[in-house]
Amino acid sequence: MVSFIYHFFTPQTSNNYRPRLLHPKILLLLTLFFFSAGLLMSFAKTNYPEILGISSDVSIDQLLILTNQKRQESGLPPLSLDGRLNTAAANKGSDMLAKGYWAHIAPDGATPWVFIRGAGYNYTFAGENLARGYTNTSDVINAWMASQSHKDNILSPNYNNVGFAVVTGNLNGEDTVVVVEMFGSTTLAAAPSKTQEETVKEVATGSTEESFAQVPKAQALVEEESSPLAQEKTNTETVASNVNPKIKPLINAETFSSNLASVAITIFMFVFILDMIIIERKKILRFVGHNLDHIMFLGLILALILVIIKGYIV
């Protein structure tokens, strides 16, 4: 067994001083294996969602607790959970999945305030934070707090209510979990901060999505009742089956595939590095590709995977 491992992962006389793992035939077999595994996973997600599907540990209770924790750390009163804002958040999440967009403003021009008003919440101040692709609540809150525009919403003194929705589904061809956080107040509070006043002015003058404060993978929105957009109406139809699904798959397809890819790439990087060290120490002359190039390429792919699985916020 030990000799097999050496033969497979390190350069030896028995493998012509090239780890067996890096031989063309083995690489071809591995390529076919991962291709077949991808097809099998796609089949399992479609036909056996209870075994392989999309899930997360993001919960409304924890979102509320952590949001209020951040507010209390800044000396602000906690927000109370409002059922109407929960409904508005669920409607917005379902609308994004149904229409295939990832933004505060829908392709048909519907703003977050349409959903809030449509749920029967007549606000004085309102705001929205969005997130997708996160697997636990703390990561969602930390991502929002790392973005100034999202942080301004969470720590705004103008809000006294909040609502959440955790919606699962396919968004633009990607199975994912979408988290919607909607803030509101039906009474006048402290005067809005400079940042809020500027954002409200942008919304009231009909600015496009690109005009709002953004960071990579992040965006947040604030609104005041005096804006003309506050007069828009909508229905309150909700796709309840998508919100906080009770059936949790045995395997989370999103994290499983990314973790599998990360492990495979890490193993190949390790073998390339080990091969380079041994060949250099033994002063063996070979006519093969440069390991350093392969290592850098695989490292870039691994970095991209790690960035992608962190999720997105808008």
# chains A, B, ... in the order shown; residues from 1 in each chain; ligands from 1
call {"tool": "residues_around", "arguments": {"residues": "range 64-67 of chain A", "least_positions_apart": "4", "cutoff": "8 Å", "atoms": "only C-alpha atoms", "output": "list in words"}}
result
Ile60, Arg71, Leu79, Leu81, Ser138, Ile141 and Ile154 of chain A
call {"tool": "write_last_selection", "arguments": {"atoms": "all heavy atoms", "output": "tab-separated table (two decimals), in the first residue's frame"}}
result
chain	number	residue	atom	x	y	z
A	60	ILE	N	-34.54	32.96	10.06
A	60	ILE	CA	-35.09	34.28	10.37
A	60	ILE	C	-34.82	34.65	11.82
A	60	ILE	O	-34.48	35.81	12.13
A	60	ILE	CB	-36.60	34.30	10.06
A	60	ILE	CG1	-36.82	34.25	8.55
A	60	ILE	CG2	-37.27	35.54	10.67
A	60	ILE	CD1	-38.27	34.21	8.13
A	71	ARG	N	-27.02	46.39	16.23
A	71	ARG	CA	-27.61	47.68	16.59
A	71	ARG	C	-27.32	48.03	18.06
A	71	ARG	O	-26.96	49.17	18.38
A	71	ARG	CB	-29.13	47.66	16.35
A	71	ARG	CG	-29.50	47.66	14.87
A	71	ARG	CD	-31.01	47.57	14.69
A	71	ARG	NE	-31.71	48.72	15.27
A	71	ARG	CZ	-31.91	49.86	14.62
A	71	ARG	NH1	-31.45	50.02	13.39
A	71	ARG	NH2	-32.57	50.86	15.21
A	79	LEU	N	-34.76	46.21	16.65
A	79	LEU	CA	-35.88	46.23	15.72
A	79	LEU	C	-36.85	45.10	16.08
A	79	LEU	O	-36.45	44.04	16.53
A	79	LEU	CB	-35.39	46.03	14.29
A	79	LEU	CG	-34.37	47.03	13.76
A	79	LEU	CD1	-33.88	46.61	12.37
A	79	LEU	CD2	-34.96	48.43	13.71
A	81	LEU	N	-39.73	42.36	14.82
A	81	LEU	CA	-40.09	41.62	13.61
A	81	LEU	C	-41.54	41.95	13.23
A	81	LEU	O	-42.44	41.86	14.06
A	81	LEU	CB	-39.92	40.12	13.85
A	81	LEU	CG	-39.94	39.22	12.63
A	81	LEU	CD1	-38.74	39.50	11.73
A	81	LEU	CD2	-39.93	37.75	13.07
A	138	SER	N	-24.51	33.97	10.27
A	138	SER	CA	-23.45	34.91	10.65
A	138	SER	C	-22.69	35.42	9.43
A	138	SER	O	-22.28	36.58	9.38
A	138	SER	CB	-22.49	34.26	11.65
A	138	SER	OG	-21.88	33.11	11.08
A	141	ILE	N	-24.79	38.28	7.86
A	141	ILE	CA	-24.71	39.53	8.63
A	141	ILE	C	-23.32	40.15	8.50
A	141	ILE	O	-23.18	41.37	8.33
A	141	ILE	CB	-25.05	39.28	10.11
A	141	ILE	CG1	-26.50	38.78	10.25
A	141	ILE	CG2	-24.87	40.56	10.92
A	141	ILE	CD1	-27.55	39.76	9.77
A	154	ILE	N	-28.67	48.60	8.46
A	154	ILE	CA	-28.77	47.86	9.72
A	154	ILE	C	-28.69	48.80	10.92
A	154	ILE	O	-29.39	48.61	11.93
A	154	ILE	CB	-27.67	46.79	9.80
A	154	ILE	CG1	-27.94	45.69	8.75
A	154	ILE	CG2	-27.58	46.17	11.20
A	154	ILE	CD1	-26.86	44.63	8.66
call {"tool": "atom_distance", "arguments": {"atom1": "CA of Leu97 in chain A", "atom2": "CA of Leu171 in chain A"}}
result
5.3 Å
call {"tool": "select_by_dssp", "arguments": {"residues": "range 47-142 of chain A", "states": "helix (DSSP H, G or I)", "output": "ChimeraX atom specification"}}
result
/A:47,60-73,83-99,112-118,137-142
call {"tool": "write_last_selection", "arguments": {"atoms": "C-alpha atoms", "output": "mmCIF file, in the first residue's frame"}}
result
data_model
loop_
_atom_site.group_PDB
_atom_site.id
_atom_site.type_symbol
_atom_site.label_atom_id
_atom_site.label_comp_id
_atom_site.auth_asym_id
_atom_site.auth_seq_id
_atom_site.Cartn_x
_atom_site.Cartn_y
_atom_site.Cartn_z
ATOM 1 C CA ASN A 47 -35.064 13.633 -9.330
ATOM 2 C CA ILE A 60 -35.090 34.277 10.368
ATOM 3 C CA ASP A 61 -34.702 33.975 14.144
ATOM 4 C CA GLN A 62 -30.911 34.211 13.928
ATOM 5 C CA LEU A 63 -31.066 37.018 11.372
ATOM 6 C CA LEU A 64 -33.174 39.022 13.800
ATOM 7 C CA ILE A 65 -30.915 38.242 16.771
ATOM 8 C CA LEU A 66 -27.690 39.151 14.956
ATOM 9 C CA THR A 67 -29.169 42.277 13.355
ATOM 10 C CA ASN A 68 -30.291 43.555 16.754
ATOM 11 C CA GLN A 69 -26.963 42.578 18.273
ATOM 12 C CA LYS A 70 -25.180 44.853 15.802
ATOM 13 C CA ARG A 71 -27.610 47.684 16.588
ATOM 14 C CA GLN A 72 -27.254 47.311 20.335
ATOM 15 C CA GLU A 73 -23.460 47.330 20.005
ATOM 16 C CA GLY A 83 -45.231 40.158 9.688
ATOM 17 C CA ARG A 84 -46.020 42.565 6.859
ATOM 18 C CA LEU A 85 -42.338 43.115 6.166
ATOM 19 C CA ASN A 86 -41.827 39.347 6.288
ATOM 20 C CA THR A 87 -44.504 39.040 3.597
ATOM 21 C CA ALA A 88 -42.918 41.824 1.538
ATOM 22 C CA ALA A 89 -39.509 40.162 1.795
ATOM 23 C CA ALA A 90 -40.958 36.786 0.748
ATOM 24 C CA ASN A 91 -42.736 38.376 -2.218
ATOM 25 C CA LYS A 92 -39.533 40.112 -3.321
ATOM 26 C CA GLY A 93 -37.497 36.908 -3.070
ATOM 27 C CA SER A 94 -40.068 34.917 -5.039
ATOM 28 C CA ASP A 95 -40.308 37.683 -7.641
ATOM 29 C CA MET A 96 -36.531 37.592 -8.238
ATOM 30 C CA LEU A 97 -36.611 33.825 -8.752
ATOM 31 C CA ALA A 98 -39.671 33.957 -11.001
ATOM 32 C CA LYS A 99 -38.359 36.787 -13.211
ATOM 33 C CA PRO A 112 -38.765 47.235 -3.084
ATOM 34 C CA TRP A 113 -41.329 49.804 -1.964
ATOM 35 C CA VAL A 114 -43.893 48.185 -4.266
ATOM 36 C CA PHE A 115 -43.644 44.972 -2.254
ATOM 37 C CA ILE A 116 -43.641 46.769 1.097
ATOM 38 C CA ARG A 117 -46.744 48.818 0.233
ATOM 39 C CA GLY A 118 -48.382 45.785 -1.321
ATOM 40 C CA THR A 137 -26.625 33.386 9.222
ATOM 41 C CA SER A 138 -23.451 34.909 10.648
ATOM 42 C CA ASP A 139 -21.818 34.997 7.201
ATOM 43 C CA VAL A 140 -24.807 36.938 5.839
ATOM 44 C CA ILE A 141 -24.707 39.527 8.628
ATOM 45 C CA ASN A 142 -20.912 39.860 8.454
#
call {"tool": "closest_residue", "arguments": {"among": "A:Lys283, A:Tyr159, A:Met269, A:Val179", "to": "Phe9 in chain A", "atoms": "only C-alpha atoms"}}
result
A:Met269
call {"tool": "residues_around", "arguments": {"residues": "Ile278 in chain A", "least_positions_apart": "4", "cutoff": "10 Å", "atoms": "only C-alpha atoms", "output": "list of chain:residue names"}}
result
A:Thr10, A:Pro11, A:Gln12, A:Tyr17, A:Ile273, A:Leu274, A:Lys282, A:Lys283, A:Ile284
call {"tool": "write_last_selection", "arguments": {"atoms": "C-alpha atoms", "output": "PDB file, in the first residue's frame"}}
result
ATOM      1  CA  THR A  10       5.781  10.969  -6.063  1.00  0.00           C
ATOM      2  CA  PRO A  11       8.345  10.631  -8.897  1.00  0.00           C
ATOM      3  CA  GLN A  12      10.003   7.201  -8.817  1.00  0.00           C
ATOM      4  CA  TYR A  17      10.051   9.911 -12.526  1.00  0.00           C
ATOM      5  CA  ILE A 273       4.805  20.882  -5.458  1.00  0.00           C
ATOM      6  CA  LEU A 274       6.091  17.541  -4.116  1.00  0.00           C
ATOM      7  CA  LYS A 282      17.629  14.572  -7.052  1.00  0.00           C
ATOM      8  CA  LYS A 283      18.737  16.715 -10.009  1.00  0.00           C
ATOM      9  CA  ILE A 284      16.677  14.635 -12.426  1.00  0.00           C
TER      10      ILE A 284
END
call {"tool": "decode", "arguments": {"residues": "range 51-79 of chain A", "atoms": "N, CA and C atoms", "output": "mmCIF file, in the first residue's frame"}}
result
data_model
loop_
_atom_site.group_PDB
_atom_site.id
_atom_site.type_symbol
_atom_site.label_atom_id
_atom_site.label_comp_id
_atom_site.auth_asym_id
_atom_site.auth_seq_id
_atom_site.Cartn_x
_atom_site.Cartn_y
_atom_site.Cartn_z
ATOM 1 N N ILE A 51 -32.261 14.070 -1.291
ATOM 2 C CA ILE A 51 -30.916 13.553 -1.073
ATOM 3 C C ILE A 51 -29.858 14.592 -1.424
ATOM 4 N N LEU A 52 -29.984 15.179 -2.609
ATOM 5 C CA LEU A 52 -29.017 16.163 -3.086
ATOM 6 C C LEU A 52 -29.766 17.411 -3.529
ATOM 7 N N GLY A 53 -29.590 18.493 -2.800
ATOM 8 C CA GLY A 53 -30.306 19.729 -3.128
ATOM 9 C C GLY A 53 -29.654 20.930 -2.476
ATOM 10 N N ILE A 54 -30.356 22.038 -2.531
ATOM 11 C CA ILE A 54 -29.844 23.281 -1.975
ATOM 12 C C ILE A 54 -30.431 23.504 -0.588
ATOM 13 N N SER A 55 -29.562 23.791 0.369
ATOM 14 C CA SER A 55 -30.019 24.084 1.733
ATOM 15 C C SER A 55 -29.039 25.028 2.398
ATOM 16 N N SER A 56 -29.468 25.603 3.502
ATOM 17 C CA SER A 56 -28.575 26.466 4.278
ATOM 18 C C SER A 56 -29.075 26.499 5.704
ATOM 19 N N ASP A 57 -28.223 26.995 6.587
ATOM 20 C CA ASP A 57 -28.595 27.128 7.996
ATOM 21 C C ASP A 57 -29.009 28.560 8.337
ATOM 22 N N VAL A 58 -29.327 29.347 7.328
ATOM 23 C CA VAL A 58 -29.776 30.718 7.565
ATOM 24 C C VAL A 58 -31.213 30.676 8.077
ATOM 25 N N SER A 59 -31.462 31.316 9.199
ATOM 26 C CA SER A 59 -32.804 31.317 9.787
ATOM 27 C C SER A 59 -33.240 32.733 10.120
ATOM 28 N N ILE A 60 -34.538 32.955 10.062
ATOM 29 C CA ILE A 60 -35.090 34.277 10.368
ATOM 30 C C ILE A 60 -34.824 34.655 11.823
ATOM 31 N N ASP A 61 -34.945 33.688 12.720
ATOM 32 C CA ASP A 61 -34.702 33.975 14.144
ATOM 33 C C ASP A 61 -33.278 34.479 14.368
ATOM 34 N N GLN A 62 -32.304 33.803 13.750
ATOM 35 C CA GLN A 62 -30.911 34.211 13.928
ATOM 36 C C GLN A 62 -30.607 35.522 13.213
ATOM 37 N N LEU A 63 -31.247 35.742 12.067
ATOM 38 C CA LEU A 63 -31.066 37.018 11.372
ATOM 39 C C LEU A 63 -31.527 38.177 12.253
ATOM 40 N N LEU A 64 -32.656 37.987 12.912
ATOM 41 C CA LEU A 64 -33.174 39.022 13.800
ATOM 42 C C LEU A 64 -32.246 39.237 14.993
ATOM 43 N N ILE A 65 -31.792 38.145 15.603
ATOM 44 C CA ILE A 65 -30.915 38.242 16.771
ATOM 45 C C ILE A 65 -29.615 38.963 16.421
ATOM 46 N N LEU A 66 -28.987 38.566 15.311
ATOM 47 C CA LEU A 66 -27.690 39.151 14.956
ATOM 48 C C LEU A 66 -27.831 40.587 14.464
ATOM 49 N N THR A 67 -28.924 40.892 13.777
ATOM 50 C CA THR A 67 -29.169 42.277 13.355
ATOM 51 C C THR A 67 -29.307 43.181 14.574
ATOM 52 N N ASN A 68 -30.104 42.755 15.548
ATOM 53 C CA ASN A 68 -30.291 43.555 16.754
ATOM 54 C C ASN A 68 -29.031 43.605 17.604
ATOM 55 N N GLN A 69 -28.240 42.561 17.539
ATOM 56 C CA GLN A 69 -26.963 42.578 18.273
ATOM 57 C C GLN A 69 -26.055 43.671 17.731
ATOM 58 N N LYS A 70 -25.993 43.801 16.413
ATOM 59 C CA LYS A 70 -25.180 44.853 15.802
ATOM 60 C C LYS A 70 -25.716 46.237 16.163
ATOM 61 N N ARG A 71 -27.016 46.388 16.227
ATOM 62 C CA ARG A 71 -27.610 47.684 16.588
ATOM 63 C C ARG A 71 -27.321 48.035 18.056
ATOM 64 N N GLN A 72 -27.477 47.058 18.914
ATOM 65 C CA GLN A 72 -27.254 47.311 20.335
ATOM 66 C C GLN A 72 -25.786 47.618 20.617
ATOM 67 N N GLU A 73 -24.886 47.024 19.851
ATOM 68 C CA GLU A 73 -23.460 47.330 20.005
ATOM 69 C C GLU A 73 -23.166 48.784 19.650
ATOM 70 N N SER A 74 -24.021 49.368 18.830
ATOM 71 C CA SER A 74 -23.862 50.767 18.432
ATOM 72 C C SER A 74 -24.787 51.699 19.214
ATOM 73 N N GLY A 75 -25.407 51.180 20.271
ATOM 74 C CA GLY A 75 -26.259 52.005 21.121
ATOM 75 C C GLY A 75 -27.621 52.303 20.535
ATOM 76 N N LEU A 76 -28.080 51.482 19.609
ATOM 77 C CA LEU A 76 -29.382 51.693 18.979
ATOM 78 C C LEU A 76 -30.406 50.704 19.524
ATOM 79 N N PRO A 77 -31.679 51.087 19.545
ATOM 80 C CA PRO A 77 -32.713 50.169 20.030
ATOM 81 C C PRO A 77 -32.908 49.014 19.068
ATOM 82 N N PRO A 78 -33.336 47.857 19.563
ATOM 83 C CA PRO A 78 -33.545 46.704 18.679
ATOM 84 C C PRO A 78 -34.750 46.906 17.765
ATOM 85 N N LEU A 79 -34.761 46.205 16.652
ATOM 86 C CA LEU A 79 -35.882 46.228 15.723
ATOM 87 C C LEU A 79 -36.850 45.105 16.081
#
